[in-house]
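S.K.: Structure: protein14.txt, compact mmCIF, C-alpha atoms.
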```
# COMPACT_ATOMS: atom_id res chain seq x y z
CA MET A 1 29.19 8.35 -46.81
CA MET A 2 26.04 8.64 -48.91
CA THR A 3 25.58 4.85 -48.73
CA ARG A 4 25.68 4.93 -44.91
CA LYS A 5 22.96 7.65 -44.81
CA LEU A 6 20.84 5.67 -47.27
CA ILE A 7 21.16 2.53 -45.10
CA VAL A 8 20.25 4.45 -41.89
CA VAL A 9 17.25 6.14 -43.56
CA SER A 10 16.06 2.83 -45.06
CA PHE A 11 16.42 1.02 -41.74
CA SER A 12 14.60 3.83 -39.89
CA LEU A 13 11.75 3.81 -42.41
CA ALA A 14 11.41 0.01 -42.20
CA LEU A 15 11.41 0.16 -38.40
CA ALA A 16 8.79 2.93 -38.39
CA LEU A 17 6.53 0.91 -40.68
CA CYS A 18 6.94 -2.37 -38.73
CA LEU A 19 6.95 -1.01 -35.17
CA PRO A 20 3.15 -0.62 -34.82
CA THR A 21 2.71 -4.32 -35.62
CA LEU A 22 5.50 -5.36 -33.22
CA VAL A 23 4.43 -3.25 -30.23
CA LYS A 24 0.76 -2.97 -29.31
CA ALA A 25 -0.66 -1.26 -26.27
CA ASN A 26 -3.08 -3.55 -24.49
CA ALA A 27 -6.04 -1.42 -23.46
CA SER A 28 -8.30 -4.44 -23.11
CA GLY A 29 -10.61 -4.03 -20.16
CA VAL A 30 -10.05 -0.29 -19.67
CA GLY A 31 -13.43 1.40 -19.48
CA LEU A 32 -14.72 4.94 -19.78
CA GLY A 33 -17.95 5.54 -17.87
CA VAL A 34 -20.55 8.29 -17.61
CA ALA A 35 -22.91 8.40 -14.63
CA ILE A 36 -26.04 10.33 -13.68
CA GLY A 37 -27.88 10.19 -10.40
CA GLY A 38 -28.24 12.01 -7.15
CA ALA A 39 -26.62 12.81 -3.84
CA TYR A 40 -28.34 12.85 -0.47
CA SER A 41 -27.29 14.08 2.93
CA GLY A 42 -29.35 14.35 6.07
CA THR A 43 -26.48 16.22 7.75
CA GLU A 44 -27.44 19.61 9.09
CA VAL A 45 -24.62 22.08 8.65
CA SER A 46 -24.08 24.36 11.62
CA ARG A 47 -22.40 27.65 10.86
CA ALA A 48 -22.71 30.71 13.14
CA ASN A 49 -25.75 29.23 14.96
CA VAL A 50 -27.55 28.54 11.65
CA ARG A 51 -28.56 24.95 10.96
CA GLU A 52 -29.32 23.99 7.38
CA SER A 53 -30.10 20.65 5.83
CA VAL A 54 -27.83 19.87 2.91
CA GLY A 55 -30.63 17.83 1.33
CA VAL A 56 -31.12 15.96 -1.95
CA ARG A 57 -29.62 17.18 -5.22
CA PRO A 58 -28.81 15.89 -8.72
CA ALA A 59 -25.31 14.64 -9.52
CA TRP A 60 -23.38 13.44 -12.54
CA GLY A 61 -19.84 12.55 -13.44
CA PHE A 62 -17.42 10.41 -15.34
CA PHE A 63 -14.67 7.93 -14.52
CA VAL A 64 -12.13 5.53 -15.96
CA ASP A 65 -11.84 1.89 -14.86
CA ILE A 66 -8.27 0.63 -15.13
CA PRO A 67 -7.84 -3.08 -14.37
CA LEU A 68 -4.68 -3.82 -12.41
CA LEU A 69 -5.72 -7.43 -11.89
CA GLN A 70 -8.74 -9.32 -13.21
CA THR A 71 -10.61 -8.63 -9.94
CA PHE A 72 -9.03 -5.33 -8.83
CA TYR A 73 -9.53 -1.97 -10.57
CA ILE A 74 -8.29 1.52 -9.87
CA SER A 75 -10.83 4.10 -10.95
CA PRO A 76 -10.17 7.86 -11.01
CA ALA A 77 -13.42 9.83 -11.15
CA ALA A 78 -14.87 13.34 -11.19
CA MET A 79 -18.37 13.84 -9.77
CA LEU A 80 -20.31 17.11 -9.87
CA TYR A 81 -23.27 18.17 -7.70
CA THR A 82 -24.44 21.11 -5.58
CA PHE A 83 -24.93 21.98 -1.93
CA GLU A 84 -27.83 24.10 -0.75
CA ASP A 85 -26.08 27.34 0.31
CA ILE A 86 -23.36 25.75 2.42
CA ASN A 87 -21.14 28.86 2.15
CA GLY A 88 -23.90 31.13 3.50
CA ASP A 89 -24.06 33.48 0.50
CA GLY A 90 -27.74 32.83 -0.35
CA LYS A 91 -27.22 30.61 -3.41
CA ASP A 92 -26.52 26.96 -4.17
CA ASP A 93 -22.85 26.04 -4.29
CA ALA A 94 -21.40 23.91 -7.12
CA VAL A 95 -19.21 21.11 -5.80
CA THR A 96 -16.77 18.82 -7.59
CA ASP A 97 -15.35 15.64 -6.08
CA VAL A 98 -12.17 14.26 -7.62
CA ASP A 99 -11.87 10.68 -6.39
CA ILE A 100 -9.56 7.75 -6.61
CA ASN A 101 -11.58 4.55 -6.18
CA PHE A 102 -10.21 1.08 -5.54
CA LYS A 103 -12.71 -1.57 -6.67
CA PHE A 104 -12.69 -5.27 -5.83
CA ILE A 105 -14.74 -7.20 -8.40
CA VAL A 106 -16.59 -10.51 -8.27
CA PRO A 107 -17.53 -11.59 -11.83
CA VAL A 108 -20.56 -13.87 -12.20
CA GLY A 109 -21.00 -14.49 -15.92
CA THR A 110 -21.92 -11.18 -17.56
CA LEU A 111 -22.66 -9.64 -14.14
CA HIS A 112 -19.98 -7.95 -12.07
CA PHE A 113 -20.50 -7.14 -8.41
CA GLY A 114 -18.04 -5.20 -6.36
CA ALA A 115 -17.12 -3.16 -3.34
CA GLY A 116 -14.35 -0.73 -2.67
CA VAL A 117 -13.00 2.36 -1.01
CA THR A 118 -12.82 5.95 -2.20
CA ALA A 119 -10.81 9.00 -1.22
CA GLY A 120 -10.24 12.39 -2.79
CA LEU A 121 -10.59 16.15 -2.79
CA THR A 122 -13.74 18.27 -2.87
CA SER A 123 -13.72 21.77 -4.32
CA GLY A 124 -16.40 24.44 -4.02
CA VAL A 125 -16.85 24.20 -0.25
CA GLN A 126 -15.62 27.04 1.97
CA ASP A 127 -13.82 28.65 -0.99
CA SER A 128 -11.03 26.08 -0.72
CA TYR A 129 -10.50 22.33 -0.85
CA ALA A 130 -11.66 19.71 1.60
CA TYR A 131 -10.95 16.02 1.62
CA HIS A 132 -13.33 13.08 1.72
CA TYR A 133 -13.17 9.34 2.16
CA GLY A 134 -15.69 6.52 2.07
CA ALA A 135 -16.87 3.25 0.63
CA LEU A 136 -18.67 2.11 -2.51
CA GLY A 137 -20.64 -0.76 -3.94
CA PHE A 138 -21.63 -1.45 -7.52
CA ALA A 139 -23.15 -3.88 -9.96
CA SER A 140 -22.77 -3.94 -13.73
CA VAL A 141 -24.04 -6.07 -16.56
CA ASN A 142 -22.57 -6.43 -20.03
CA LEU A 143 -25.15 -5.53 -22.71
CA VAL A 144 -23.09 -5.98 -25.86
CA ALA A 145 -19.44 -6.73 -26.58
CA ASN A 146 -17.95 -3.54 -25.13
CA LEU A 147 -20.84 -1.73 -23.44
CA ASP A 148 -21.91 -2.17 -19.80
CA VAL A 149 -24.73 -0.67 -17.76
CA PHE A 150 -24.00 -0.15 -14.06
CA PHE A 151 -25.35 1.00 -10.72
CA LEU A 152 -22.94 2.65 -8.26
CA ALA A 153 -23.61 3.64 -4.63
CA GLN A 154 -21.08 5.64 -2.60
CA TYR A 155 -20.85 6.79 0.98
CA LYS A 156 -18.59 9.84 1.42
CA HIS A 157 -17.53 11.58 4.62
CA LEU A 158 -16.56 15.15 3.74
CA VAL A 159 -14.17 16.65 6.30
CA LEU A 160 -14.62 20.42 6.72
CA GLU A 161 -12.72 22.90 8.88
CA ASP A 162 -15.17 25.59 10.02
CA ILE A 163 -18.47 23.71 9.88
CA THR A 164 -19.86 20.28 10.64
CA ASP A 165 -18.53 17.39 8.55
CA ILE A 166 -20.98 16.20 5.91
CA GLU A 167 -21.94 12.58 5.36
CA ASP A 168 -23.19 11.99 1.81
CA TRP A 169 -24.79 9.12 -0.05
CA HIS A 170 -24.43 9.15 -3.83
CA GLY A 171 -26.34 6.87 -6.21
CA PHE A 172 -25.60 6.64 -9.93
CA VAL A 173 -26.68 4.70 -12.99
CA GLY A 174 -24.78 4.91 -16.22
CA GLY A 175 -22.95 3.28 -19.07
CA MET A 176 -19.38 2.21 -19.57
CA PHE A 177 -17.54 1.70 -22.86
CA HIS A 178 -14.67 -0.80 -22.77
CA PHE A 179 -11.73 -0.38 -25.11
```
Could I get this structure in the form of C-alpha cells?
M.R.:
Amino acid sequence: MMTRKLIVVSFSLALALCLPTLVKANASGVGLGVAIGGAYSGTEVSRANVRESVGVRPAWGFFVDIPLLQTFYISPAAMLYTFEDINGDGKDDAVTDVDINFKFIVPVGTLHFGAGVTAGLTSGVQDSYAYHYGALGFASVNLVANLDVFFLAQYKHLVLEDITDIEDWHGFVGGMFHF
C-alpha cells in the first residue's frame, strides 16, 4: 500500500515538473494598448426645449487586441471621456464606453492598416446605460520587437431614449505592448 502511494506521489511530482514544458499557452500577437486623445461631437442635445452642444473633450482608455486570424482581431476596450452637462444638472458628466471592436488588418511590412466595426454600452448618460455602434479605422507601426505606436479613429452613434442621439468622433494615439 505504501509503495502504491509512493508511486502515485512520484508520478504526480514528475508530471507537475514536466507539464509546463509540455503545454505552453501561445499568447503571441496578443497586445495590451493604452490610448489618449479626444472626442468630438457637433450634435446638439435637445432636452426640455434646451439645446446644448456636446462639444470637444479629452478622452483616454485601454484595450486588448486578440488575434483570431492573422488579419482579423477582436478587441475589447474601455474608453473614458465626459459630456458637457448632458444630464442637465449643471456639471460635466463622466462617460465610459465599453466596446467590442472587430478589426480587419492589412499588414504592409512593419505598418498595419485596418478598419472595423464597434458596438457596446455607454454608462454615465441619463443615469442608466445606453448602447452605441459605429466604425473605426487605424494605423500602427512597430517600433521595437514588441512595442507598437498607433493612431485610432472611431465614429460612434450613441442611442439615447429621452434626448437626441449623439454622433461622436473619437481620435486616439497610443502604444501597444505585444506579449
S.K.: List as number ranges by chain the residues having at least one atom at most 8 Å from position (-25.6, -1.9, -18.2) as given in the file, counting all atoms listed in the file.
M.R.: A: 140-143, 147-150, 174-176
S.K.: With all atoms listed in the file as the basis for distance, which of A:Val106, A:Val125, A:Ile74, A:Ile36 is at the shortest distance from Ile166 of chain A?
M.R.: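 Once distances to Ile166 of chain A are computed over all atoms listed in the file, the minimum belongs to A:Val125.
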S.K.: Residues near His170 of chain A, anyone? I mean within 9 Å using only C-alpha atoms, not counting same-chain ones fewer than 2 positions away, as a CSV table (one decimal) with C-alpha atoms, in the frame of the given file.
M.R.:
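What ended up in out37.csv:
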```csv
chain,number,residue,atom,x,y,z
A,37,GLY,CA,-27.9,10.2,-10.4
A,38,GLY,CA,-28.2,12.0,-7.2
A,39,ALA,CA,-26.6,12.8,-3.8
A,40,TYR,CA,-28.3,12.8,-0.5
A,41,SER,CA,-27.3,14.1,2.9
A,59,ALA,CA,-25.3,14.6,-9.5
A,152,LEU,CA,-22.9,2.6,-8.3
A,153,ALA,CA,-23.6,3.6,-4.6
A,154,GLN,CA,-21.1,5.6,-2.6
A,155,TYR,CA,-20.8,6.8,1.0
A,156,LYS,CA,-18.6,9.8,1.4
A,168,ASP,CA,-23.2,12.0,1.8
A,172,PHE,CA,-25.6,6.6,-9.9
```
S.K.: Given only C-alpha atoms as the basis, pick out the residue of A:Phe104, A:Tyr81, A:Tyr131, A:Phe179 nearest to Asn146 of chain A.
M.R.: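 Counting only C-alpha atoms, the residue closest to Asn146 of chain A is A:Phe179.
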S.K.: Just the number, please: distance in Å from atom CA of Ala77 of chain A to atom CA of Leu32 of chain A, one decimal.
M.R.: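 It comes out at 10.0 Å.
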S.K.: I need the residue nearest Ala119 of chain A from this list: A:Ile66, A:Leu80, A:Ala135, A:Ala94. Use only C-alpha atoms for the distance.
M.R.: A:Ala135
S.K.: With distances taken over only C-alpha atoms, which residue among A:Ser123, A:Val108, A:Thr43, A:Asn101 lies nearest Val56 of chain A?
M.R.: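 Ranking A:Ser123, A:Val108, A:Thr43, A:Asn101 by distance to Val56 of chain A, first place goes to A:Thr43.
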S.K.: For a test of reading the model, state the distance in Å between atom CA of Phe151 of chain A and atom CA of Ala35 of chain A, rounded to one decimal.
M.R.: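 That distance, rounded to one decimal, is 8.7 Å.
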S.K.: Compute the distance from (-16.5, -3.6, -0.8) to each atom, counting all atoms listed in the file, keep the residues with any atom at most 10 Å away, and return them as a list in words; use the coordinates of the file.
M.R.: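 Those within range, by chain then number, are Phe102, Lys103, Phe104, Ile105, Phe113, Gly114, Ala115, Gly116, Val117, Ala135, Leu136, Gly137 and Phe138 of chain A.
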S.K.: As an exercise, work out the distance from atom CA of Asp92 of chain A to atom CA of Gly120 of chain A in Å and give it to one decimal place.
M.R.: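 One can read the atom CA of Asp92 of chain A to atom CA of Gly120 of chain A distance as 21.9 Å.
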S.K.: Kindly add all heavy atoms to the incomplete segment 122-133 of chain A and provide the output as a short mmCIF file (atom, residue, chain, number, x, y, z; two decimals), in the coordinates of the input.
M.R.:
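So result-v8.cif came out as:
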```cif
data_model
loop_
_atom_site.label_atom_id
_atom_site.label_comp_id
_atom_site.auth_asym_id
_atom_site.auth_seq_id
_atom_site.Cartn_x
_atom_site.Cartn_y
_atom_site.Cartn_z
N THR A 122 -12.49 17.61 -2.52
CA THR A 122 -13.74 18.27 -2.87
C THR A 122 -13.46 19.75 -3.02
O THR A 122 -12.87 20.36 -2.13
CB THR A 122 -14.80 18.04 -1.77
OG1 THR A 122 -15.02 16.63 -1.65
CG2 THR A 122 -16.10 18.72 -2.11
N SER A 123 -13.88 20.32 -4.14
CA SER A 123 -13.72 21.77 -4.32
C SER A 123 -15.10 22.41 -4.35
O SER A 123 -16.09 21.77 -4.65
CB SER A 123 -12.98 22.07 -5.62
OG SER A 123 -13.76 21.71 -6.73
N GLY A 124 -15.15 23.70 -4.01
CA GLY A 124 -16.40 24.44 -4.02
C GLY A 124 -17.01 24.62 -2.65
O GLY A 124 -18.07 25.22 -2.51
N VAL A 125 -16.37 24.09 -1.62
CA VAL A 125 -16.85 24.20 -0.25
C VAL A 125 -15.90 25.11 0.51
O VAL A 125 -14.69 24.89 0.49
CB VAL A 125 -16.93 22.82 0.42
CG1 VAL A 125 -17.42 22.94 1.84
CG2 VAL A 125 -17.81 21.89 -0.37
N GLN A 126 -16.41 26.12 1.15
CA GLN A 126 -15.62 27.04 1.97
C GLN A 126 -14.55 27.76 1.17
O GLN A 126 -13.50 28.12 1.68
CB GLN A 126 -14.95 26.30 3.12
CG GLN A 126 -15.90 25.66 4.07
CD GLN A 126 -15.17 24.90 5.15
OE1 GLN A 126 -14.14 24.27 4.92
NE2 GLN A 126 -15.71 24.96 6.35
N ASP A 127 -14.77 27.95 -0.12
CA ASP A 127 -13.82 28.65 -0.99
C ASP A 127 -12.42 28.05 -0.95
O ASP A 127 -11.42 28.75 -1.12
CB ASP A 127 -13.76 30.14 -0.64
CG ASP A 127 -15.10 30.83 -0.85
OD1 ASP A 127 -15.81 30.43 -1.79
OD2 ASP A 127 -15.43 31.73 -0.07
N SER A 128 -12.32 26.76 -0.68
CA SER A 128 -11.03 26.08 -0.72
C SER A 128 -11.31 24.60 -0.99
O SER A 128 -12.37 24.23 -1.44
CB SER A 128 -10.26 26.27 0.58
OG SER A 128 -10.82 25.50 1.61
N TYR A 129 -10.34 23.77 -0.67
CA TYR A 129 -10.50 22.33 -0.85
C TYR A 129 -10.74 21.66 0.49
O TYR A 129 -10.25 22.10 1.51
CB TYR A 129 -9.24 21.73 -1.48
CG TYR A 129 -8.99 22.23 -2.88
CD1 TYR A 129 -8.10 23.26 -3.12
CD2 TYR A 129 -9.66 21.67 -3.95
CE1 TYR A 129 -7.87 23.72 -4.40
CE2 TYR A 129 -9.45 22.12 -5.23
CZ TYR A 129 -8.55 23.14 -5.45
OH TYR A 129 -8.34 23.59 -6.72
N ALA A 130 -11.47 20.57 0.43
CA ALA A 130 -11.66 19.71 1.60
C ALA A 130 -11.36 18.30 1.13
O ALA A 130 -11.29 18.04 -0.07
CB ALA A 130 -13.10 19.82 2.11
N TYR A 131 -11.17 17.39 2.05
CA TYR A 131 -10.95 16.02 1.62
C TYR A 131 -12.12 15.16 2.06
O TYR A 131 -12.88 15.50 2.95
CB TYR A 131 -9.61 15.47 2.12
CG TYR A 131 -9.51 15.28 3.61
CD1 TYR A 131 -9.84 14.05 4.17
CD2 TYR A 131 -9.07 16.30 4.44
CE1 TYR A 131 -9.74 13.86 5.53
CE2 TYR A 131 -8.96 16.10 5.80
CZ TYR A 131 -9.30 14.88 6.34
OH TYR A 131 -9.20 14.68 7.69
N HIS A 132 -12.27 14.03 1.38
CA HIS A 132 -13.33 13.08 1.72
C HIS A 132 -12.78 11.66 1.59
O HIS A 132 -11.78 11.41 0.94
CB HIS A 132 -14.56 13.29 0.83
CG HIS A 132 -14.30 13.04 -0.62
ND1 HIS A 132 -13.95 14.05 -1.49
CD2 HIS A 132 -14.34 11.91 -1.36
CE1 HIS A 132 -13.79 13.56 -2.69
NE2 HIS A 132 -14.01 12.26 -2.64
N TYR A 133 -13.49 10.75 2.24
CA TYR A 133 -13.17 9.34 2.16
C TYR A 133 -14.47 8.57 2.33
O TYR A 133 -15.48 9.12 2.79
CB TYR A 133 -12.15 8.93 3.24
CG TYR A 133 -12.61 9.20 4.64
CD1 TYR A 133 -13.36 8.26 5.35
CD2 TYR A 133 -12.33 10.42 5.27
CE1 TYR A 133 -13.79 8.51 6.64
CE2 TYR A 133 -12.75 10.68 6.55
CZ TYR A 133 -13.48 9.73 7.23
OH TYR A 133 -13.92 9.98 8.50
#
```
